[in-house]
Amino acid sequence: MKITCPKNQLLRGVMTVSKAVSNKTTMDILQCILIEAYDNCIKLTANDTELGIETIIQGTILESGKIALEAKIFSEIIKKIPDNDVFIETEESGKTNIECEQIQCSIMGKQGDDFSHLPEIEKENKITLSQFDLKEVVRQTIFSVSDNENNKLMTGELLQIKKNQLTVTSLDGHRISVRKIELKEEYPETEVIVPGKTLSEVSKILPGEADDLIHLYLTDKHILFEFEETKVVSRLLDGKFYNISQMLSNDYETKVTINKMDLLRCLERSTLFVKDSDKKPIILKIENEQMNLMISSQIGSMKDQIAIRKEGKDLVIGFNPKFLADALRVIDEEEISIYLINSIAPCIIRNEESSYLYLILPINVNNSNI
């Protein structure tokens, strides 16, 4: 194989597919990026058997062929060479020569025939939405995906399609995130559970322009994302997602309307007094037209006060400040509404249209700390 291509094109392709390179495997080939040069097309692929990414880059094919190169060293070489055309040539032994200006490098590659290609996905059930919308729904829900591999379903997000509405749901046992968007067309009713890692990586490599589209294709076992010159294929998670509707009650005894940034800044200050391993709650004392916020730990303590509009009863309740802050950071509105029942029931943050909803479990508050 002999190819030349601009460094910026090669680097974009390498950084895109690298997100599907396996870091935890005894199979050396899964730590590689496959380069294929055929039919006037230079294609880069990475595949860890759960997630696969391929993308096409611009360049010139001088001699067709393919080679699998160890991703870590190959990507580091490309990052550190000048911004100019890159010449790549492979020998029968697998030795691969990389040249750019006066720089000459060589690394050993593996036979491309040993590489596991992406599975073929039938393009029947297609869903189209804007790249910006997909990035937004992922950004606004991904933080409450669990990283506990003992409960696989919580490591994924539920994608539900009903007519022209897409609903994305995630939960980790302490909180629930729900985001809804309208699609431009109506589609058959569908439910799939997509690994959080897949959605996170797709979101990172999407340009995300509002006018640019992404196409999703669904099968019983896989989801394919197609946009521009890139394809991402992922296995779906098996199982029935949790029925959260019974937890999302519209009942409340107290409704608080508050400036989002005032509350977020207070929560971010409060985390200065809590170590990651500490479970000290921030205590919210809601009375009259103000919210008093208090936190105390071995590091120190803090008190703050924020003006609110309140409907209903006074209330004292405690929360993990990080969980509240995570939800507030992804809400774009200036004011938010918090719905509460009592000191041991979850709070719900949502807007009138319920286009977003965040449920957060409270932490028991010791009266002596109030």
# chains A, B, ... in the order shown; residues from 1 in each chain; ligands from 1

call {"tool": "residues_around", "arguments": {"residues": "Leu11 (chain A)", "least_positions_apart": "4", "cutoff": "9 Å", "atoms": "only C-alpha atoms", "output": "JSON, numbers by chain"}}
result
{"A": [6, 7, 15, 16, 75, 78, 79]}

call {"tool": "write_last_selection", "arguments": {"atoms": "N, CA and C atoms", "output": "mmCIF file, in the first residue's frame"}}
result
data_model
loop_
_atom_site.group_PDB
_atom_site.id
_atom_site.type_symbol
_atom_site.label_atom_id
_atom_site.label_comp_id
_atom_site.auth_asym_id
_atom_site.auth_seq_id
_atom_site.Cartn_x
_atom_site.Cartn_y
_atom_site.Cartn_z
ATOM 1 N N PRO A 6 -3.177 14.744 3.334
ATOM 2 C CA PRO A 6 -2.837 15.864 4.218
ATOM 3 C C PRO A 6 -2.862 15.419 5.681
ATOM 4 N N LYS A 7 -1.952 15.972 6.464
ATOM 5 C CA LYS A 7 -1.877 15.598 7.879
ATOM 6 C C LYS A 7 -3.192 15.871 8.601
ATOM 7 N N MET A 15 -8.144 10.333 15.015
ATOM 8 C CA MET A 15 -8.773 10.708 16.276
ATOM 9 C C MET A 15 -10.234 10.258 16.332
ATOM 10 N N THR A 16 -10.901 10.216 15.172
ATOM 11 C CA THR A 16 -12.293 9.770 15.134
ATOM 12 C C THR A 16 -12.398 8.289 15.469
ATOM 13 N N SER A 75 -1.082 7.161 16.290
ATOM 14 C CA SER A 75 -1.727 8.456 16.531
ATOM 15 C C SER A 75 -0.740 9.471 17.084
ATOM 16 N N ILE A 78 1.389 10.825 14.205
ATOM 17 C CA ILE A 78 0.655 11.760 13.345
ATOM 18 C C ILE A 78 0.459 13.108 14.047
ATOM 19 N N LYS A 79 0.209 13.079 15.346
ATOM 20 C CA LYS A 79 0.043 14.330 16.091
ATOM 21 C C LYS A 79 1.296 15.200 16.039
#

call {"tool": "residues_around", "arguments": {"residues": "Asp212 (chain A)", "least_positions_apart": "6", "cutoff": "12 Å", "atoms": "only C-alpha atoms", "output": "VMD selection string"}}
result
chain A and resid 128 to 135 206 226 to 228

call {"tool": "residues_around", "arguments": {"residues": "region 99-109 of chain A", "least_positions_apart": "2", "cutoff": "6 Å", "atoms": "only C-alpha atoms", "output": "number ranges by chain"}}
result
A: 68-69, 86-87, 94-97

call {"tool": "residues_around", "arguments": {"residues": "Asp238 (chain A)", "least_positions_apart": "2", "cutoff": "12 Å", "atoms": "only C-alpha atoms", "output": "list in words"}}
result
Asn151, Lys152, Leu153, Met154, Thr155, Gly156, Glu157, Leu158, Glu191, Val192, Ile193, Val194, Pro195, Asp220, Lys221, His222, Arg235, Leu236, Lys240 and Phe241 of chain A

call {"tool": "closest_atom_pairs", "arguments": {"of": "region 290-368 of chain A", "to": "region 136-142 of chain A", "cutoff": "10 Å", "atoms": "only C-alpha atoms", "output": "Markdown table"}}
result
| residue | atom | partner | partner_atom | distance |
| --- | --- | --- | --- | --- |
| A:Asp326 | CA | A:Gln140 | CA | 9.1 |
| A:Ala327 | CA | A:Gln140 | CA | 7.7 |
| A:Leu328 | CA | A:Gln140 | CA | 9.6 |
| A:Arg329 | CA | A:Gln140 | CA | 8.6 |
| A:Val330 | CA | A:Gln140 | CA | 5.2 |
| A:Ile331 | CA | A:Gln140 | CA | 7.5 |
| A:Asp332 | CA | A:Gln140 | CA | 9.9 |
| A:Tyr356 | CA | A:Gln140 | CA | 8.4 |
| A:Leu357 | CA | A:Thr141 | CA | 9.7 |
| A:Tyr358 | CA | A:Thr141 | CA | 9.0 |

call {"tool": "write_last_selection", "arguments": {"atoms": "all heavy atoms", "output": "tab-separated table (two decimals), in the first residue's frame"}}
result
chain	number	residue	atom	x	y	z
A	326	ASP	N	-25.09	18.66	38.62
A	326	ASP	CA	-25.02	18.00	37.31
A	326	ASP	C	-26.27	18.31	36.48
A	326	ASP	O	-26.19	18.57	35.27
A	326	ASP	CB	-24.89	16.48	37.47
A	326	ASP	CG	-23.49	16.06	37.88
A	326	ASP	OD1	-22.56	16.87	37.76
A	326	ASP	OD2	-23.34	14.90	38.32
A	327	ALA	N	-27.43	18.26	37.13
A	327	ALA	CA	-28.68	18.53	36.41
A	327	ALA	C	-28.77	19.99	36.00
A	327	ALA	O	-29.14	20.31	34.85
A	327	ALA	CB	-29.88	18.14	37.28
A	328	LEU	N	-28.40	20.89	36.89
A	328	LEU	CA	-28.53	22.32	36.58
A	328	LEU	C	-27.62	22.75	35.44
A	328	LEU	O	-27.97	23.61	34.64
A	328	LEU	CB	-28.22	23.15	37.83
A	328	LEU	CG	-29.16	22.98	39.03
A	328	LEU	CD1	-28.83	24.00	40.10
A	328	LEU	CD2	-30.62	23.09	38.63
A	329	ARG	N	-26.45	22.14	35.34
A	329	ARG	CA	-25.49	22.55	34.31
A	329	ARG	C	-26.02	22.32	32.89
A	329	ARG	O	-25.60	23.00	31.96
A	329	ARG	CB	-24.17	21.78	34.48
A	329	ARG	CG	-23.33	22.24	35.65
A	329	ARG	CD	-21.94	21.64	35.63
A	329	ARG	NE	-21.25	21.89	36.88
A	329	ARG	CZ	-21.12	21.00	37.86
A	329	ARG	NH1	-21.62	19.78	37.70
A	329	ARG	NH2	-20.50	21.30	38.97
A	330	VAL	N	-26.91	21.35	32.72
A	330	VAL	CA	-27.36	21.03	31.36
A	330	VAL	C	-28.72	21.65	31.04
A	330	VAL	O	-29.25	21.45	29.95
A	330	VAL	CB	-27.41	19.50	31.14
A	330	VAL	CG1	-26.03	18.90	31.32
A	330	VAL	CG2	-28.42	18.83	32.08
A	331	ILE	N	-29.27	22.40	31.98
A	331	ILE	CA	-30.53	23.11	31.72
A	331	ILE	C	-30.19	24.51	31.21
A	331	ILE	O	-29.41	25.23	31.83
A	331	ILE	CB	-31.39	23.19	33.00
A	331	ILE	CG1	-31.79	21.79	33.46
A	331	ILE	CG2	-32.64	24.04	32.76
A	331	ILE	CD1	-32.51	21.76	34.80
A	332	ASP	N	-30.79	24.87	30.10
A	332	ASP	CA	-30.43	26.14	29.46
A	332	ASP	C	-31.32	27.31	29.88
A	332	ASP	O	-31.10	28.43	29.44
A	332	ASP	CB	-30.49	25.98	27.94
A	332	ASP	CG	-29.46	24.97	27.44
A	332	ASP	OD1	-28.37	24.90	28.04
A	332	ASP	OD2	-29.76	24.25	26.46
A	356	TYR	N	-37.65	18.38	29.50
A	356	TYR	CA	-36.60	17.80	30.33
A	356	TYR	C	-37.16	17.51	31.70
A	356	TYR	O	-38.10	18.17	32.17
A	356	TYR	CB	-35.37	18.72	30.42
A	356	TYR	CG	-35.61	20.01	31.18
A	356	TYR	CD1	-35.61	20.05	32.57
A	356	TYR	CD2	-35.82	21.21	30.50
A	356	TYR	CE1	-35.83	21.24	33.27
A	356	TYR	CE2	-36.04	22.39	31.18
A	356	TYR	CZ	-36.04	22.40	32.56
A	356	TYR	OH	-36.25	23.57	33.24
A	357	LEU	N	-36.62	16.49	32.34
A	357	LEU	CA	-37.04	16.12	33.70
A	357	LEU	C	-35.87	15.44	34.39
A	357	LEU	O	-35.23	14.55	33.81
A	357	LEU	CB	-38.25	15.18	33.63
A	357	LEU	CG	-38.87	14.73	34.96
A	357	LEU	CD1	-40.36	14.46	34.81
A	357	LEU	CD2	-38.19	13.48	35.52
A	358	TYR	N	-35.61	15.87	35.62
A	358	TYR	CA	-34.53	15.28	36.42
A	358	TYR	C	-35.09	14.93	37.79
A	358	TYR	O	-35.63	15.80	38.49
A	358	TYR	CB	-33.34	16.24	36.54
A	358	TYR	CG	-32.77	16.58	35.20
A	358	TYR	CD1	-33.10	17.76	34.55
A	358	TYR	CD2	-31.94	15.68	34.54
A	358	TYR	CE1	-32.62	18.05	33.29
A	358	TYR	CE2	-31.45	15.96	33.28
A	358	TYR	CZ	-31.79	17.15	32.66
A	358	TYR	OH	-31.32	17.42	31.40

call {"tool": "select_by_dssp", "arguments": {"residues": "region 39-230 of chain A", "states": "alpha helix (DSSP H)", "output": "PyMOL selection string"}}
result
chain A and resi 71-80+131-139+196-205

call {"tool": "closest_residue", "arguments": {"among": "A:Ser116, A:Thr169, A:Asn8, A:Gln58", "to": "Ser355 (chain A)", "atoms": "only C-alpha atoms"}}
result
A:Thr169

call {"tool": "select_by_dssp", "arguments": {"residues": "region 194-227 of chain A", "states": "strand (DSSP E)", "output": "list in words"}}
result
Val194, Pro195, Leu213, Ile214, His215, Leu216, Tyr217, Leu218, His222, Ile223, Leu224, Phe225, Glu226 and Phe227 of chain A

call {"tool": "write_last_selection", "arguments": {"atoms": "N, CA and C atoms", "output": "mmCIF file, in the first residue's frame"}}
result
data_model
loop_
_atom_site.group_PDB
_atom_site.id
_atom_site.type_symbol
_atom_site.label_atom_id
_atom_site.label_comp_id
_atom_site.auth_asym_id
_atom_site.auth_seq_id
_atom_site.Cartn_x
_atom_site.Cartn_y
_atom_site.Cartn_z
ATOM 1 N N VAL A 194 -29.088 1.783 24.321
ATOM 2 C CA VAL A 194 -27.788 2.019 23.696
ATOM 3 C C VAL A 194 -26.742 2.226 24.793
ATOM 4 N N PRO A 195 -25.595 1.550 24.714
ATOM 5 C CA PRO A 195 -24.557 1.767 25.727
ATOM 6 C C PRO A 195 -24.204 3.243 25.869
ATOM 7 N N LEU A 213 -27.332 16.607 9.336
ATOM 8 C CA LEU A 213 -28.168 15.491 9.777
ATOM 9 C C LEU A 213 -27.327 14.280 10.166
ATOM 10 N N ILE A 214 -27.906 13.448 10.992
ATOM 11 C CA ILE A 214 -27.349 12.142 11.313
ATOM 12 C C ILE A 214 -28.460 11.124 11.133
ATOM 13 N N HIS A 215 -28.113 9.965 10.581
ATOM 14 C CA HIS A 215 -29.091 8.911 10.327
ATOM 15 C C HIS A 215 -28.815 7.744 11.261
ATOM 16 N N LEU A 216 -29.858 7.257 11.909
ATOM 17 C CA LEU A 216 -29.765 6.106 12.800
ATOM 18 C C LEU A 216 -30.502 4.937 12.164
ATOM 19 N N TYR A 217 -29.866 3.763 12.165
ATOM 20 C CA TYR A 217 -30.484 2.541 11.656
ATOM 21 C C TYR A 217 -30.500 1.520 12.787
ATOM 22 N N LEU A 218 -31.638 0.903 13.020
ATOM 23 C CA LEU A 218 -31.809 -0.003 14.151
ATOM 24 C C LEU A 218 -32.086 -1.421 13.684
ATOM 25 N N HIS A 222 -28.135 -4.268 16.923
ATOM 26 C CA HIS A 222 -27.169 -3.206 16.656
ATOM 27 C C HIS A 222 -27.859 -1.885 16.369
ATOM 28 N N ILE A 223 -27.083 -0.818 16.527
ATOM 29 C CA ILE A 223 -27.489 0.513 16.070
ATOM 30 C C ILE A 223 -26.340 1.064 15.234
ATOM 31 N N LEU A 224 -26.700 1.673 14.098
ATOM 32 C CA LEU A 224 -25.720 2.290 13.219
ATOM 33 C C LEU A 224 -25.993 3.784 13.152
ATOM 34 N N PHE A 225 -24.950 4.571 13.398
ATOM 35 C CA PHE A 225 -25.002 6.026 13.243
ATOM 36 C C PHE A 225 -24.220 6.375 11.976
ATOM 37 N N GLU A 226 -24.840 7.130 11.075
ATOM 38 C CA GLU A 226 -24.181 7.532 9.843
ATOM 39 C C GLU A 226 -24.241 9.036 9.694
ATOM 40 N N PHE A 227 -23.089 9.664 9.503
ATOM 41 C CA PHE A 227 -23.047 11.108 9.280
ATOM 42 C C PHE A 227 -21.781 11.441 8.507
#

call {"tool": "atom_distance", "arguments": {"atom1": "CA of Ser93 (chain A)", "atom2": "CA of Gln111 (chain A)"}}
result
9.0 Å
